[in-house]
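Participant: Have a look at the structure that comes next, please.
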Amino acid sequence: METFLLFVLVGFLAQSVDGALGMAYGVVSTTVLLALGVPPAAASASVHTAEIFTTAASGASHAYHRNITWSLWLPLVIAGMIGGVIGAYVLSGIDGASIKPFILAYLAILGIWIVLRGLKDIKPKHIRSFWGAPLGLIGGFMDAIGGGGWGPTATTALVGAGKDPRKAIGTVNSAEFFVTAAISATFVWALVTGHWQDAGAIGDHALAVGGLILGGLVAAPFAGWIAKRVPSRVLTFMVGGLIILLAGFQGLQMVGVFA
């Protein structure tokens, strides 16, 4: 029960930040799972299973509040699903121990990037809808490999290119549901066909997945309120700092500094 309640809290906090910044749910949740010893593929699959529910709720909210640029949304969804499927297939077919150092480095880089985003005053630039295709392909692949690269890749790129932050967050979050569903379906396919050897780790952490789902669903409706009340820069520093600390702790665990 303590594990379940812990992940309810993790899911709630991660989704609260994700709704306000358009990123962090997957990165924070995956980092915590890896810190508990969950294999990378199982951690990514667990988080994407939870995200099917949380992204559906947040995406519906953004659609209701008209926060979506539909001309950008469609290529983002299609390319994101393709990139996610490729990334999930790659991740499920390799040994978890061998790829974990690369996942940790990736998460640490994301954390540093998020902090830098809070420090820099990004100047607006013109962006066209067709850029949604390459952005979605890269974002989907990184999301499947790292369990949380969709928001940091897509949202930051759009905002940095001059997109209205509200529209960028709404478009990326609503597209994320379809990308997440495609990634989860690929993990299921890998399980059924025997391509995925570490699939049993998901069953060992069912309570964690349930907690992530419940916590995320509770937080999703409050995303708009949080975005208005808490300064984005404060949230940016909090997320980036947390990811860097957790990734660093896992790195020290790998080299034997901590048991």
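Identifiers in the structure tokens: chain A, B, ... in order shown; residue index from 1 per chain; ligand index from 1 in order shown.
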Out of region 41-156 of chain A, which residues get alpha helix (DSSP H) from DSSP, as number ranges by chain?

Facilitator: A: 41-64, 70-92, 96-119, 132-146, 150-156

Participant: Give me the region 75-95 of chain A side of the contact with region 177-190 of chain A, cut-off 7 Å, one line per residue showing its nearest atom pair and distance in Å at one decimal, counting only C-alpha atoms, sorted by chain and residue number, as a tab-separated table.

Facilitator:
residue	atom	partner	partner_atom	distance
A:Val77	CA	A:Val179	CA	6.5
A:Gly80	CA	A:Val179	CA	5.6
A:Met81	CA	A:Val179	CA	4.6
A:Gly84	CA	A:Ile183	CA	5.3
A:Val85	CA	A:Ile183	CA	5.3
A:Ala88	CA	A:Ile183	CA	5.9
A:Tyr89	CA	A:Thr186	CA	6.5
A:Ser92	CA	A:Ala190	CA	6.8

Participant: Keeping only C-alpha atoms, write the selected residues as a PDB file, in the first residue's frame.

Facilitator:
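The resulting file, part14.pdb, is shown below:
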ATOM      1  CA  VAL A  77       0.468  12.846 -34.332  1.00  0.00           C
ATOM      2  CA  GLY A  80       5.034  10.874 -33.458  1.00  0.00           C
ATOM      3  CA  MET A  81       3.311   7.490 -33.665  1.00  0.00           C
ATOM      4  CA  GLY A  84       7.316   5.961 -31.000  1.00  0.00           C
ATOM      5  CA  VAL A  85       6.775   2.536 -32.564  1.00  0.00           C
ATOM      6  CA  ALA A  88       9.625   0.988 -28.474  1.00  0.00           C
ATOM      7  CA  TYR A  89      10.669  -1.860 -30.765  1.00  0.00           C
ATOM      8  CA  SER A  92      12.185  -3.915 -26.046  1.00  0.00           C
TER       9      SER A  92
END

Participant: Counting only C-alpha atoms, what are the residues of region 52-137 of chain A within 12 Å of region 1-19 of chain A, and for each of them which pair of atoms is the nearest and at what distance in Å, to one decimal? Sort the table by chain and rising number, as a tab-separated table.

Facilitator:
residue	atom	partner	partner_atom	distance
A:Phe53	CA	A:Gln15	CA	11.3
A:Thr54	CA	A:Gln15	CA	7.7
A:Thr55	CA	A:Gln15	CA	9.3
A:Ala57	CA	A:Gly19	CA	10.5
A:Ser58	CA	A:Gly19	CA	7.2
A:Gly59	CA	A:Gly19	CA	9.7
A:Ser61	CA	A:Gly19	CA	10.1
A:His62	CA	A:Gly19	CA	9.6

Participant: Pick out the residues sitting within 9 Å of region 28-38 of chain A, and hand them over as a VMD selection string; count only C-alpha atoms, and ignore anything fewer than 3 positions along from it in its own chain.

Facilitator: chain A and resid 7 10 to 11 14 24 to 25 41 to 44 46 to 47 100 104 107 146 to 148 201 to 202 205 208 212 239 242 to 243 246 to 247 249 to 250 253

Participant: What is the CA of Gly22 (chain A)-CA of Val234 (chain A) distance in Å, reported with one decimal?

Facilitator: 14.3 Å

Participant: Leaving out Leu76 (chain A) and any residue of its chain fewer than 4 positions from it, which residues lie within 9 Å of it when counting only C-alpha atoms, given as a list of chain:residue names?

Facilitator: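 Contacts, in chain order: A:Leu72, A:Gly80, A:Met81, A:Ser129, A:Phe130, A:Trp131, A:Gly132, A:Ala133, A:Pro134, A:Leu135, A:Gly136, A:Leu137, A:Ala154, A:Thr171, A:Val172, A:Ala175.
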
Participant: Can you work out the spacing between CA of Pro221 (chain A) and CA of Leu119 (chain A) in Å, to one decimal?

Facilitator: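 Result for CA of Pro221 (chain A) versus CA of Leu119 (chain A): 28.4 Å, one decimal.
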